[in-house]
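Participant: Encoded as structure tokens, here's the structure I'll be asking about.
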Amino acid sequence: MTPRKFGPKPIDHPSVGEPCPACLVPFLVEDFTTLVTLGPGDDLEEQAKARAGIAYNAISVEVHFACATGEQP
């Protein structure tokens with residue numbers, strides 16, 4: 001399943017200039033990004049839901065769409 005593509009990033013987006021955790025290249029205006037799910041984090045209730053195989057709130061990080069998929073936008 002292809003992740004959801006967000007963008008293009010507007011000039012006033014708070015992550016413009018921040019480094020992508022995958023490639024360390026800063027996010028630029030007009031970039032396309034996606035969210036990569038890491039897991040339930042340290043929330044015990046969300047951890048229990050994840051272990052039970054039911055929907056839970058996850059921690060995620062924003063990365064360039066190409067970093068997550070290999071596809072160019």
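Chain labels follow the order of the structure tokens: the first chain is A, the next B, and so on; residue numbering restarts at 1 in every chain, and ligands are counted from 1 in their shown order.
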Using only C-alpha atoms, determine which residues lie at most 7 Å from A:His64, disregarding the query and same-chain residues fewer than 2 positions distant; provide the list as a list in words.
Facilitator: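 What passes the distance filter is Cys20, Phe32, Thr33, Thr34, Ala66, Cys67 and Ala68 of chain A.
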Participant: For atom CA of A:Leu38 and atom CA of A:Gln72, quote the distance in Å rounded to one decimal.
Facilitator: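 Taking atom CA of A:Leu38 as the start and atom CA of A:Gln72 as the end point, the length is 22.7 Å.
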Participant: Tell me which protein, DNA and RNA residues are within 10 Å of A:Phe65, counting only C-alpha atoms, leaving out same-chain ones fewer than 6 positions away, and put them as a ChimeraX atom specification.
Facilitator: /A:2-7,31-36,71-73
Participant: Go ahead and dump the residues you just picked, all heavy atoms, as a compact mmCIF listing (two decimals), in the first residue's frame.
Facilitator:
```txt
# COMPACT_ATOMS: atom_id res chain seq x y z
N THR A 2 0.65 2.16 -0.93
CA THR A 2 1.41 3.39 -1.01
C THR A 2 0.94 4.35 0.08
O THR A 2 -0.26 4.55 0.26
CB THR A 2 1.22 4.06 -2.38
OG1 THR A 2 1.66 3.13 -3.39
CG2 THR A 2 2.03 5.32 -2.50
N PRO A 3 1.88 4.95 0.80
CA PRO A 3 1.48 5.91 1.84
C PRO A 3 0.77 7.12 1.23
O PRO A 3 0.92 7.44 0.05
CB PRO A 3 2.81 6.35 2.45
CG PRO A 3 3.82 5.39 1.99
CD PRO A 3 3.31 4.78 0.74
N ARG A 4 0.02 7.81 2.06
CA ARG A 4 -0.67 9.02 1.62
C ARG A 4 0.35 10.12 1.34
O ARG A 4 1.25 10.37 2.15
CB ARG A 4 -1.64 9.47 2.70
CG ARG A 4 -2.42 10.70 2.31
CD ARG A 4 -3.45 11.03 3.34
NE ARG A 4 -4.07 12.29 2.99
CZ ARG A 4 -4.86 12.97 3.77
NH1 ARG A 4 -5.16 12.49 4.97
NH2 ARG A 4 -5.37 14.11 3.39
N LYS A 5 0.21 10.78 0.20
CA LYS A 5 1.12 11.86 -0.19
C LYS A 5 0.53 13.20 0.23
O LYS A 5 -0.61 13.51 -0.09
CB LYS A 5 1.32 11.83 -1.70
CG LYS A 5 2.37 12.82 -2.17
CD LYS A 5 2.43 12.99 -3.69
CE LYS A 5 2.65 11.75 -4.46
NZ LYS A 5 2.83 12.01 -5.90
N PHE A 6 1.32 14.00 0.96
CA PHE A 6 0.92 15.34 1.37
C PHE A 6 1.74 16.35 0.58
O PHE A 6 2.94 16.17 0.41
CB PHE A 6 1.17 15.56 2.86
CG PHE A 6 0.40 14.64 3.75
CD1 PHE A 6 0.99 13.50 4.27
CD2 PHE A 6 -0.93 14.90 4.06
CE1 PHE A 6 0.29 12.65 5.10
CE2 PHE A 6 -1.65 14.04 4.90
CZ PHE A 6 -1.03 12.92 5.41
N GLY A 7 1.11 17.43 0.16
CA GLY A 7 1.86 18.47 -0.52
C GLY A 7 1.13 18.97 -1.73
O GLY A 7 0.02 18.52 -2.04
N ASP A 31 7.81 20.67 -1.59
CA ASP A 31 8.09 19.25 -1.37
C ASP A 31 6.81 18.47 -1.11
O ASP A 31 5.84 19.01 -0.56
CB ASP A 31 9.02 19.04 -0.17
CG ASP A 31 10.49 19.20 -0.50
OD1 ASP A 31 10.83 19.34 -1.69
OD2 ASP A 31 11.29 19.19 0.45
N PHE A 32 6.85 17.20 -1.47
CA PHE A 32 5.79 16.26 -1.12
C PHE A 32 6.34 15.37 -0.01
O PHE A 32 7.49 14.93 -0.07
CB PHE A 32 5.37 15.42 -2.33
CG PHE A 32 4.57 16.20 -3.31
CD1 PHE A 32 5.18 16.97 -4.28
CD2 PHE A 32 3.18 16.18 -3.25
CE1 PHE A 32 4.44 17.69 -5.19
CE2 PHE A 32 2.42 16.91 -4.15
CZ PHE A 32 3.06 17.67 -5.13
N THR A 33 5.52 15.12 1.00
CA THR A 33 5.95 14.33 2.15
C THR A 33 4.89 13.28 2.48
O THR A 33 3.81 13.25 1.91
CB THR A 33 6.20 15.22 3.38
OG1 THR A 33 4.98 15.86 3.75
CG2 THR A 33 7.28 16.25 3.12
N THR A 34 5.23 12.43 3.44
CA THR A 34 4.28 11.47 3.98
C THR A 34 4.64 11.23 5.43
O THR A 34 5.68 11.69 5.91
CB THR A 34 4.30 10.14 3.18
OG1 THR A 34 3.17 9.35 3.55
CG2 THR A 34 5.58 9.36 3.39
N LEU A 35 3.78 10.53 6.13
CA LEU A 35 4.03 10.17 7.52
C LEU A 35 4.38 8.69 7.60
O LEU A 35 3.71 7.86 6.99
CB LEU A 35 2.81 10.47 8.39
CG LEU A 35 2.43 11.94 8.50
CD1 LEU A 35 1.12 12.08 9.27
CD2 LEU A 35 3.52 12.74 9.17
N VAL A 36 5.42 8.38 8.35
CA VAL A 36 5.82 6.99 8.58
C VAL A 36 5.46 6.65 10.02
O VAL A 36 5.92 7.31 10.96
CB VAL A 36 7.33 6.80 8.33
CG1 VAL A 36 7.77 5.39 8.69
CG2 VAL A 36 7.67 7.13 6.89
N GLU A 71 9.49 6.59 -4.90
CA GLU A 71 8.81 7.22 -6.03
C GLU A 71 9.05 8.72 -6.02
O GLU A 71 9.01 9.34 -4.97
CB GLU A 71 7.29 7.00 -5.96
CG GLU A 71 6.87 5.56 -6.04
CD GLU A 71 5.37 5.42 -5.87
OE1 GLU A 71 4.63 6.39 -6.14
OE2 GLU A 71 4.94 4.34 -5.46
N GLN A 72 9.26 9.29 -7.18
CA GLN A 72 9.37 10.74 -7.28
C GLN A 72 7.96 11.30 -7.42
O GLN A 72 7.14 10.72 -8.11
CB GLN A 72 10.24 11.13 -8.47
CG GLN A 72 11.68 10.72 -8.31
CD GLN A 72 12.34 11.34 -7.08
OE1 GLN A 72 12.15 12.51 -6.79
NE2 GLN A 72 13.10 10.55 -6.35
N PRO A 73 7.68 12.44 -6.77
CA PRO A 73 6.33 13.01 -6.82
C PRO A 73 5.91 13.44 -8.21
O PRO A 73 6.66 13.68 -9.07
CB PRO A 73 6.40 14.21 -5.88
CG PRO A 73 7.80 14.36 -5.46
CD PRO A 73 8.57 13.22 -5.96
```
Participant: Just the strand (DSSP E) stuff from stretch 23-65 of chain A, please, per backbone DSSP, written as a list in words.
Facilitator: Thr33, Thr34, Leu35, Val36, Thr37, Leu38, Gly39, Ile59, Ser60, Val61, Glu62, Val63 and His64 of chain A
Participant: Atom CA of A:Gly53 to atom CA of A:Gly70: how many Å, to one decimal?
Facilitator: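 Atom CA of A:Gly70 lies at a distance of 28.4 Å from atom CA of A:Gly53.
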Participant: How many Å separate atom CA of A:Cys23 from atom CA of A:Tyr56?
Facilitator: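 Atom CA of A:Tyr56 lies 27.8 Å from atom CA of A:Cys23.
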Participant: Which residues are near A:Glu30? Cut-off 9 Å, only C-alpha atoms, ignore same chain within fewer than 2 positions. Put them as a PyMOL selection string.
Facilitator: chain A and resi 7-11+27-28+32
Participant: Fewer than 4 positions away in the same chain doesn't count, so skip those; otherwise give me all residues within 12 Å of A:Leu44, counting only C-alpha atoms, as a PyMOL selection string.
Facilitator: chain A and resi 39-40+48-51+56-58
Participant: Please produce an output containing N, CA and C atoms for each residue in the selection, written as a CSV table (one decimal), in the first residue's frame.
Facilitator:
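Result went into again-v9.csv, see below:
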```csv
chain,number,residue,atom,x,y,z
A,39,GLY,N,4.8,3.5,15.8
A,39,GLY,CA,4.2,2.6,16.7
A,39,GLY,C,3.5,3.4,17.8
A,40,PRO,N,3.0,2.7,18.9
A,40,PRO,CA,2.2,3.4,19.9
A,40,PRO,C,3.0,4.3,20.9
A,48,ALA,N,-1.3,-1.5,24.5
A,48,ALA,CA,-2.2,-2.7,24.7
A,48,ALA,C,-3.0,-2.9,23.5
A,49,LYS,N,-3.6,-1.8,22.9
A,49,LYS,CA,-4.4,-1.9,21.7
A,49,LYS,C,-3.6,-2.4,20.6
A,50,ALA,N,-2.3,-2.0,20.4
A,50,ALA,CA,-1.5,-2.5,19.3
A,50,ALA,C,-1.2,-4.0,19.5
A,51,ARG,N,-1.0,-4.4,20.7
A,51,ARG,CA,-0.7,-5.8,20.9
A,51,ARG,C,-2.0,-6.7,20.7
A,56,TYR,N,-5.1,1.9,17.1
A,56,TYR,CA,-4.5,2.7,18.2
A,56,TYR,C,-3.9,3.9,17.6
A,57,ASN,N,-3.7,4.9,18.5
A,57,ASN,CA,-3.0,6.1,18.1
A,57,ASN,C,-1.6,5.9,18.0
A,58,ALA,N,-0.9,6.3,16.9
A,58,ALA,CA,0.5,6.0,16.7
A,58,ALA,C,1.3,7.3,16.7
```
